[in-house]
Amino acid sequence: MDGKEKILSPAGRIRGGVTLPHLKGTADSESVIMPPPATVRIPMRQHIGAPAEPVVSAGEKVFVGTLIGKAGGFVSAPVHSSVSGTVKGIEDYSVGGQSCKCVVIESDGLMEPDPYLAPFNADTRADIAEACDKCGLVGLGGAGFPTKVKLSYSDDTKIDTLIINGAECEPYITSDYRACIEDYEDVVDGIYFIKEKLGIPKVIICIESNKEKAISKLYAIASDRRDMDDSVKLMRLPASYPQGAEKVIIYSATGRRVPAGKLPADVGCIVMNITSVAALYRFIKTGMPLVSKRITVDGTAVKEPKNIIVPIGTSVKDVLEFAGGVSEEAAEIIFGGPMMGVDAVSENAVVEKRTNAITVMRETLKPAVTTPCIKCGRCARACPMRLYPASVEAAVNHGFTERLKGLNVDYCMECGSCSYVCPAKRPLTQVMRLAKAELRRSKK
Amino acid sequence: MKEILTAASSPHILHPDTTRGIMSDVVIALAPAAVYGCILFGWQAAAVLAVCIITAVASEFLWNLALKKPQSVGDISAVVTGLLLGMNLPASIPLWQAAIGSVAAIIVVKQMFGGIGCNFANPAIAARIILLVSFPGSMTKFTEPVSDIVTSATPLAAESGTYTLKSLFFGMHPGSLGETSAFLLIVGGIYLLLRRVISPVIPLCFIGTVAVLSLISGEDLAVSLFGGGLMIGAIFMATDYTTSPTTALGKAVFGIGCGLITFIIRKFGALPEGVSYSILLMNILVPYINRYTLSKPFGFLKPSKEETANG
């Protein structure tokens with residue numbers, strides 16, 4: 001492959017972060033499509049913001065892509081049926097300490113698409129934002145922020161760079177990587193489409209250096225349809241954690257720092273996940289909203305790790321059964337990767353839009369023994385936001401709320417790096433969350 | 001699949017390094033110089049090291065037992081303290097005095113302040129100073145290596161030109177039993193750097209400051225660097241996590257401060273050696289150094305006046 005030297009190097013390199021074992025054992029496993037389970041339970045809150053409101057009732061016939069929940073406000077996203085079948089009812093659902101309603105649908109096994117689905121014509125930025133809304137698109141990197149809201153910046157805001165986030169810096173997860181390999185056409189077409197319609201002059205596709213195949217693939221495709229001004233560029237990021245975090249990837253791609261409390265748009269950037277781009281373009285082309293997710297099923301307790309395309313609302317239990325089961329010692333089911341993922345707690349928890357992996361771990365994983373802090377400073381060196389987790393912990397333990405204010409805990413994005421490196425095995429990330437809550441409480 | 005699933009807060013994986021592992025690395029790094037000390041100074045050196053280590057571990061064990069605290073000797077930090085103290089003593093010291101040093105290090109300097117991570121001074125350094133003021137005679141009586149000739153002078157106090165660079169670097173001179181071989185101490189330091197246990201900032205700033213000041217003032221550079229306790233102090237004692245700053249800038253300030261005080265004591269003080277006192281003095285400043293060298297968070301914005309007024 002000639003011209004590979006044209007792949008950009010990072011414009012900035014963030015201090016801190018950690019080197020993790022990549023464990024991307026599923027990188028070469030082609031995604032398998034999971035047949036619809038007998039029932040799906042589709043939560044109304046699969047995003048940041050207000051939950052959607054159910055618009056169907058028991059006994060109604062639905063198809064794949066039929067609207068079943070309308071957005072519950074501006075910062076919200078609609079929800080669509082992931083199977084064809086009959087609505088059985090509306091139940092309560094809770095995961096990760098949040099509860100909402102969910103629509104239970106009994107699948108007829110046919111997976112018939114909704115006959116009213118049609119390609120979506122989008123010409124302007126407002127159209128694209130509307131498409132994101134209609135598609136039910138949320139940030140698929142894991143945060144779940146409604147994409148429509150992200151694109152609804154004011155006309156005065158000058159956006160000069162669209163950053164496509166394909167960093168996928170968590171261990172185990174390869175779903176974005178497989179999207180690059182398997183859905184590369186949607187990815188590349190989607191990138192050019194969004195760039196053109198949003199009128200953003202420059203695009204930087206950021207992929208970590210441990211995914212050379214994805215870099216080569218996208219480079220080859222993008223070279224073929226290179227536009228005149230050569231404005232879509234690939235960038236090879238260092239394979240260190242947390243490269244995929246929004247502020248980190250913006251710094252890597254452009255050298256710009258997003259100030260505290262500001263948005264990427266304030267420094268002229270929009271960041272979209274690679275899978276989000278593919279999902280949006282699929283909706284534009286076919287009208288099919290976001291109803292299934294490619295997820296990586298891996299972890300120390302998974303017998304046959306693989307990538308699976310799963311209808312949203314499928315229970316963890318069904319997914320793991322389809323994947324080939326888990327070992328006897330399985331003790332922890334995580335939605336997402338092991339660094340930032342949230343424990344599912346129950347096997348009845350379901351795959352959501354923002355789920356990109358199910359990681360199942362053995363009990364032996366976490367040493368339970370916490371020893372005293374030896375002030376080694378590794379947590380501070382690992383923090384990409386340059387905070388001092390050990391000092392925060394001391395302040396929390398002693399109840400020094402005043403001191404907490406000077407330690408800038410609001411900057412913490414809970415990436416988990418501090419806990420990861422701590423030789424005393426102290427739960428520093430958890431303490432950072434506590435500290436944030438404590439400060440919010442004291443401000444009231 | 002287990003009946004009850006774990007509900008833990010992220011992250012769900014941890015780096016394999018532990019406090020115990022780090023302390024073991026320090027022991028491994030000190031071992032060559034310690035063994036070499038035993039070869040140079042004979043069975044007495046080995047006995048001093050053994051007494052120091054055993055007393056240190058026993059002190060911590062009994063303290064925890066007496067106060068019904070969770071047993072902490074498994075973290076190996078008491079072994080490190082005992083070993084470091086022993087290496088900082090002359091081989092000829094009476095064993096009961098060495099034992100008192102170890103008890104003082106663990107009980108008075110470490111456990112009374114709350115145990116590992118809570119002490120403000122380096123236990124081995126503080127204990128060495130306690131012994132120096134309590135038993136000045138036996139603490140300053142050194143023997144020539146591989147002989148029983150007693151001398152009271154380390155190269156720092158001897159006439160210049162007595163020792164060659166080679167004998168200084170490889171440790172063929174009188175001194176505390178584990179401090180003489182600069183070569184093996186540097187090898188140990190490189191091991192700790194490679195294992196990412198220590199950062200090079202403190203040793204480089206400490207040694208660099210002493211080197212520069214010695215050159216300027218016309219001292220014998222080889223004697224300044226390798227003739228006393230500078231190497232063991234800069235590489236192994238000044239880098240103690242608990243009693244040194246955590247910020248990179250703070251480490252530089254700490255190292256330069258140690259070097260400066262060492263030089264001042266050696267040049268102008270009544271004592272021939274100043275490494276221990278310099279580290280102890282800088283230990284006391286660590287909380288202040290840390291506080292004034294905190295870096296600003298990534299993307300820091302000064303709080304507006306309005307927020308400050310409300311906050």
# chains A, B, ... in the order shown; residues from 1 in each chain; ligands from 1
>>> residues_around(residues="Leu40 (chain B)", least_positions_apart="5", cutoff="9 Å", atoms="only C-alpha atoms", output="number ranges by chain")
B: 35, 45, 144-147, 171-172, 177
>>> closest_atom_pairs(of="chain A", to="chain B", cutoff="8 Å", atoms="only C-alpha atoms", output="Markdown table")
| residue | atom | partner | partner_atom | distance |
| --- | --- | --- | --- | --- |
| A:Arg257 | CA | B:Gly299 | CA | 5.4 |
| A:Val258 | CA | B:Gly299 | CA | 5.7 |
| A:Pro259 | CA | B:Gly299 | CA | 4.2 |
| A:Ala260 | CA | B:Gly299 | CA | 5.9 |
| A:Val326 | CA | B:Met1 | CA | 7.0 |
| A:Ser327 | CA | B:Met1 | CA | 6.6 |
| A:Glu328 | CA | B:Met1 | CA | 4.8 |
| A:Glu329 | CA | B:Met1 | CA | 6.1 |
| A:Ala330 | CA | B:Met1 | CA | 5.2 |
| A:Ala331 | CA | B:Leu5 | CA | 5.1 |
| A:Glu332 | CA | B:Thr6 | CA | 4.9 |
| A:Ile333 | CA | B:Leu5 | CA | 7.4 |
| A:Pro338 | CA | B:His12 | CA | 4.8 |
| A:Met339 | CA | B:Pro11 | CA | 4.2 |
| A:Met340 | CA | B:Ser10 | CA | 5.4 |
| A:Gly341 | CA | B:Ser10 | CA | 6.3 |
| A:Val342 | CA | B:Ser10 | CA | 6.7 |
| A:Asp343 | CA | B:Ala7 | CA | 5.6 |
| A:Ala344 | CA | B:Ala7 | CA | 7.5 |
| A:Val345 | CA | B:Ala7 | CA | 5.5 |
| A:Ser346 | CA | B:Leu5 | CA | 7.0 |
| A:Leu365 | CA | B:Ile13 | CA | 7.0 |
| A:Lys366 | CA | B:Ile13 | CA | 6.8 |
| A:Thr371 | CA | B:Thr19 | CA | 7.7 |
| A:Pro372 | CA | B:Gly117 | CA | 6.5 |
| A:Cys373 | CA | B:Gly117 | CA | 5.7 |
| A:Ile374 | CA | B:Gly117 | CA | 4.2 |
| A:Lys375 | CA | B:Thr242 | CA | 5.1 |
| A:Cys376 | CA | B:Tyr241 | CA | 4.9 |
| A:Gly377 | CA | B:Thr246 | CA | 5.0 |
| A:Pro384 | CA | B:Phe298 | CA | 7.5 |
| A:Met385 | CA | B:Phe298 | CA | 4.8 |
| A:Arg386 | CA | B:Pro297 | CA | 4.9 |
| A:Leu387 | CA | B:Pro297 | CA | 5.9 |
| A:Asn408 | CA | B:Pro297 | CA | 7.3 |
| A:Tyr411 | CA | B:Pro297 | CA | 7.3 |
| A:Cys415 | CA | B:Pro11 | CA | 7.8 |
| A:Gly416 | CA | B:Pro11 | CA | 5.1 |
| A:Ser417 | CA | B:Pro11 | CA | 7.9 |
| A:Ser419 | CA | B:Pro11 | CA | 6.9 |
| A:Tyr420 | CA | B:Leu14 | CA | 4.4 |
| A:Val421 | CA | B:His15 | CA | 5.4 |
| A:Cys422 | CA | B:His15 | CA | 7.4 |
| A:Pro423 | CA | B:Thr18 | CA | 4.0 |
| A:Ala424 | CA | B:Thr19 | CA | 5.7 |
| A:Lys425 | CA | B:Thr18 | CA | 7.4 |
| A:Thr429 | CA | B:Ser10 | CA | 7.4 |
| A:Gln430 | CA | B:Ser9 | CA | 6.5 |
| A:Lys443 | CA | B:Gly311 | CA | 7.9 |
>>> closest_atom_pairs(of="region 121-158 of chain B", to="region 274-282 of chain B", cutoff="9 Å", atoms="only C-alpha atoms", output="Markdown table")
| residue | atom | partner | partner_atom | distance |
| --- | --- | --- | --- | --- |
| B:Ala121 | CA | B:Leu280 | CA | 6.2 |
| B:Asn122 | CA | B:Leu280 | CA | 7.1 |
| B:Ile125 | CA | B:Ser276 | CA | 5.8 |
| B:Ala126 | CA | B:Leu280 | CA | 6.9 |
| B:Arg128 | CA | B:Ser276 | CA | 7.8 |
| B:Ile129 | CA | B:Ser276 | CA | 7.1 |
>>> closest_residue(among="B:Leu95, B:Val103, B:Glu60, B:Gly227", to="Ala153 (chain B)", atoms="only C-alpha atoms")
B:Gly227
>>> atom_distance(atom1="CA of Cys102 (chain A)", atom2="CA of Glu168 (chain A)")
29.1 Å
>>> residues_around(residues="region 196-213 of chain A", least_positions_apart="4", cutoff="9 Å", atoms="only C-alpha atoms", output="PyMOL selection string")
chain A and resi 8+10+22+27+122-128+151+158-169+177+181+191-192+217-218+230-240+243-244+249+252-254+274
>>> atom_distance(atom1="CA of Glu179 (chain B)", atom2="CA of Gly74 (chain B)")
26.5 Å
>>> residues_around(residues="Asp133 (chain A)", least_positions_apart="6", cutoff="10 Å", atoms="only C-alpha atoms", output="list in words")
Ala71, Phe74, Ser76, Ala77, Pro78, Val79, Asp127, Pro146, Thr147, Lys148, Val149, Leu280 and Pro289 of chain A
>>> write_last_selection(atoms="N, CA and C atoms", output="compact mmCIF listing (two decimals), in the first residue's frame")
# COMPACT_ATOMS: atom_id res chain seq x y z
N ALA A 71 -39.70 10.60 21.54
CA ALA A 71 -38.75 11.33 22.39
C ALA A 71 -39.49 12.08 23.49
N PHE A 74 -36.37 17.54 24.40
CA PHE A 74 -35.35 17.86 23.41
C PHE A 74 -34.13 16.95 23.57
N SER A 76 -33.42 13.81 24.31
CA SER A 76 -34.08 12.50 24.40
C SER A 76 -33.97 11.88 23.02
N ALA A 77 -34.40 10.65 22.89
CA ALA A 77 -34.36 10.00 21.58
C ALA A 77 -35.51 9.01 21.47
N PRO A 78 -36.09 8.89 20.27
CA PRO A 78 -37.17 7.92 20.10
C PRO A 78 -36.62 6.49 20.10
N VAL A 79 -37.53 5.53 20.29
CA VAL A 79 -37.13 4.13 20.35
C VAL A 79 -38.00 3.34 19.36
N ASP A 127 -31.69 18.93 8.31
CA ASP A 127 -32.18 17.63 7.82
C ASP A 127 -31.42 16.49 8.48
N PRO A 146 -27.83 11.95 22.78
CA PRO A 146 -28.59 12.01 21.52
C PRO A 146 -27.83 12.81 20.45
N THR A 147 -27.62 12.17 19.28
CA THR A 147 -26.82 12.79 18.23
C THR A 147 -27.49 14.05 17.69
N LYS A 148 -28.82 14.04 17.68
CA LYS A 148 -29.56 15.21 17.20
C LYS A 148 -29.14 16.45 17.98
N VAL A 149 -29.02 16.30 19.29
CA VAL A 149 -28.67 17.44 20.14
C VAL A 149 -27.25 17.93 19.81
N LEU A 280 -26.24 5.98 10.91
CA LEU A 280 -26.94 7.12 10.34
C LEU A 280 -27.06 6.95 8.83
N PRO A 289 -34.27 2.54 11.16
CA PRO A 289 -33.64 3.19 12.32
C PRO A 289 -32.72 2.23 13.07
>>> atom_distance(atom1="CA of Lys134 (chain A)", atom2="CA of Ala222 (chain A)")
27.9 Å
>>> select_by_dssp(residues="region 178-257 of chain A", states="alpha helix (DSSP H)", output="number ranges by chain")
A: 178-182, 184-198, 212-224, 246-254
>>> decode(residues="region 230-314 of chain A", atoms="C-alpha atoms", output="PDB file, in the first residue's frame")
ATOM      1  CA  ASP A 230      -8.066  15.837   0.014  1.00  0.00           C
ATOM      2  CA  SER A 231      -9.971  16.796   3.116  1.00  0.00           C
ATOM      3  CA  VAL A 232     -10.718  13.386   4.620  1.00  0.00           C
ATOM      4  CA  LYS A 233      -7.682  12.160   6.532  1.00  0.00           C
ATOM      5  CA  LEU A 234      -6.874   9.114   8.592  1.00  0.00           C
ATOM      6  CA  MET A 235      -4.956   9.443  11.827  1.00  0.00           C
ATOM      7  CA  ARG A 236      -3.127   6.700  13.661  1.00  0.00           C
ATOM      8  CA  LEU A 237      -3.551   7.181  17.412  1.00  0.00           C
ATOM      9  CA  PRO A 238      -1.250   5.610  19.996  1.00  0.00           C
ATOM     10  CA  ALA A 239      -2.893   2.487  21.428  1.00  0.00           C
ATOM     11  CA  SER A 240      -3.198   3.836  24.936  1.00  0.00           C
ATOM     12  CA  TYR A 241      -6.179   4.262  27.188  1.00  0.00           C
ATOM     13  CA  PRO A 242      -8.342   6.446  27.169  1.00  0.00           C
ATOM     14  CA  GLN A 243      -7.647   7.652  23.598  1.00  0.00           C
ATOM     15  CA  GLY A 244     -11.337   7.350  22.735  1.00  0.00           C
ATOM     16  CA  ALA A 245     -12.525   9.770  25.414  1.00  0.00           C
ATOM     17  CA  GLU A 246     -13.956  12.829  23.691  1.00  0.00           C
ATOM     18  CA  LYS A 247     -11.620  15.475  25.137  1.00  0.00           C
ATOM     19  CA  VAL A 248      -8.626  13.207  24.642  1.00  0.00           C
ATOM     20  CA  ILE A 249      -9.398  12.401  21.012  1.00  0.00           C
ATOM     21  CA  ILE A 250     -10.009  16.070  20.204  1.00  0.00           C
ATOM     22  CA  TYR A 251      -6.606  16.912  21.666  1.00  0.00           C
ATOM     23  CA  SER A 252      -4.965  14.079  19.757  1.00  0.00           C
ATOM     24  CA  ALA A 253      -6.654  15.001  16.481  1.00  0.00           C
ATOM     25  CA  THR A 254      -6.348  18.786  16.583  1.00  0.00           C
ATOM     26  CA  GLY A 255      -4.192  19.786  19.542  1.00  0.00           C
ATOM     27  CA  ARG A 256      -7.155  21.754  20.903  1.00  0.00           C
ATOM     28  CA  ARG A 257      -8.220  21.574  24.524  1.00  0.00           C
ATOM     29  CA  VAL A 258     -11.906  21.592  25.347  1.00  0.00           C
ATOM     30  CA  PRO A 259     -12.219  23.799  28.432  1.00  0.00           C
ATOM     31  CA  ALA A 260     -14.134  22.581  31.442  1.00  0.00           C
ATOM     32  CA  GLY A 261     -17.881  22.702  30.989  1.00  0.00           C
ATOM     33  CA  LYS A 262     -17.584  23.442  27.264  1.00  0.00           C
ATOM     34  CA  LEU A 263     -18.576  21.313  24.301  1.00  0.00           C
ATOM     35  CA  PRO A 264     -16.455  20.069  21.394  1.00  0.00           C
ATOM     36  CA  ALA A 265     -18.345  22.556  19.188  1.00  0.00           C
ATOM     37  CA  ASP A 266     -16.807  25.383  21.249  1.00  0.00           C
ATOM     38  CA  VAL A 267     -13.401  24.461  19.847  1.00  0.00           C
ATOM     39  CA  GLY A 268     -14.757  23.876  16.338  1.00  0.00           C
ATOM     40  CA  CYS A 269     -15.075  20.105  16.495  1.00  0.00           C
ATOM     41  CA  ILE A 270     -17.810  17.532  16.208  1.00  0.00           C
ATOM     42  CA  VAL A 271     -16.952  13.993  17.298  1.00  0.00           C
ATOM     43  CA  MET A 272     -18.913  11.033  15.989  1.00  0.00           C
ATOM     44  CA  ASN A 273     -18.374   7.386  16.683  1.00  0.00           C
ATOM     45  CA  ILE A 274     -17.607   5.244  13.661  1.00  0.00           C
ATOM     46  CA  THR A 275     -20.580   2.949  14.295  1.00  0.00           C
ATOM     47  CA  SER A 276     -22.870   5.968  14.691  1.00  0.00           C
ATOM     48  CA  VAL A 277     -21.842   7.180  11.235  1.00  0.00           C
ATOM     49  CA  ALA A 278     -22.617   3.783   9.709  1.00  0.00           C
ATOM     50  CA  ALA A 279     -25.987   3.623  11.493  1.00  0.00           C
ATOM     51  CA  LEU A 280     -26.940   7.125  10.335  1.00  0.00           C
ATOM     52  CA  TYR A 281     -26.010   6.395   6.740  1.00  0.00           C
ATOM     53  CA  ARG A 282     -27.974   3.152   6.787  1.00  0.00           C
ATOM     54  CA  PHE A 283     -31.001   5.121   7.937  1.00  0.00           C
ATOM     55  CA  ILE A 284     -30.536   7.725   5.196  1.00  0.00           C
ATOM     56  CA  LYS A 285     -30.248   4.966   2.584  1.00  0.00           C
ATOM     57  CA  THR A 286     -32.992   2.625   3.757  1.00  0.00           C
ATOM     58  CA  GLY A 287     -35.010   4.376   6.425  1.00  0.00           C
ATOM     59  CA  MET A 288     -34.208   1.605   8.896  1.00  0.00           C
ATOM     60  CA  PRO A 289     -33.642   3.189  12.321  1.00  0.00           C
ATOM     61  CA  LEU A 290     -31.238   1.935  14.945  1.00  0.00           C
ATOM     62  CA  VAL A 291     -32.725  -1.407  15.973  1.00  0.00           C
ATOM     63  CA  SER A 292     -29.743  -3.727  16.271  1.00  0.00           C
ATOM     64  CA  LYS A 293     -26.212  -3.479  17.592  1.00  0.00           C
ATOM     65  CA  ARG A 294     -22.994  -5.256  16.817  1.00  0.00           C
ATOM     66  CA  ILE A 295     -21.590  -6.275  20.187  1.00  0.00           C
ATOM     67  CA  THR A 296     -18.453  -8.050  21.291  1.00  0.00           C
ATOM     68  CA  VAL A 297     -19.094 -10.924  23.679  1.00  0.00           C
ATOM     69  CA  ASP A 298     -15.832 -11.652  25.438  1.00  0.00           C
ATOM     70  CA  GLY A 299     -14.180 -11.826  28.841  1.00  0.00           C
ATOM     71  CA  THR A 300     -12.433 -14.383  30.989  1.00  0.00           C
ATOM     72  CA  ALA A 301     -15.607 -16.419  31.504  1.00  0.00           C
ATOM     73  CA  VAL A 302     -16.847 -16.515  27.907  1.00  0.00           C
ATOM     74  CA  LYS A 303     -16.343 -19.881  26.229  1.00  0.00           C
ATOM     75  CA  GLU A 304     -16.459 -18.750  22.604  1.00  0.00           C
ATOM     76  CA  PRO A 305     -15.761 -15.033  22.303  1.00  0.00           C
ATOM     77  CA  LYS A 306     -17.266 -13.476  19.182  1.00  0.00           C
ATOM     78  CA  ASN A 307     -19.004 -10.486  17.634  1.00  0.00           C
ATOM     79  CA  ILE A 308     -22.767 -10.750  17.317  1.00  0.00           C
ATOM     80  CA  ILE A 309     -25.350  -8.497  15.711  1.00  0.00           C
ATOM     81  CA  VAL A 310     -28.133  -8.466  18.253  1.00  0.00           C
ATOM     82  CA  PRO A 311     -31.668  -6.991  18.156  1.00  0.00           C
ATOM     83  CA  ILE A 312     -31.902  -4.227  20.759  1.00  0.00           C
ATOM     84  CA  GLY A 313     -33.845  -5.403  23.795  1.00  0.00           C
ATOM     85  CA  THR A 314     -32.451  -8.945  23.743  1.00  0.00           C
TER      86      THR A 314
END
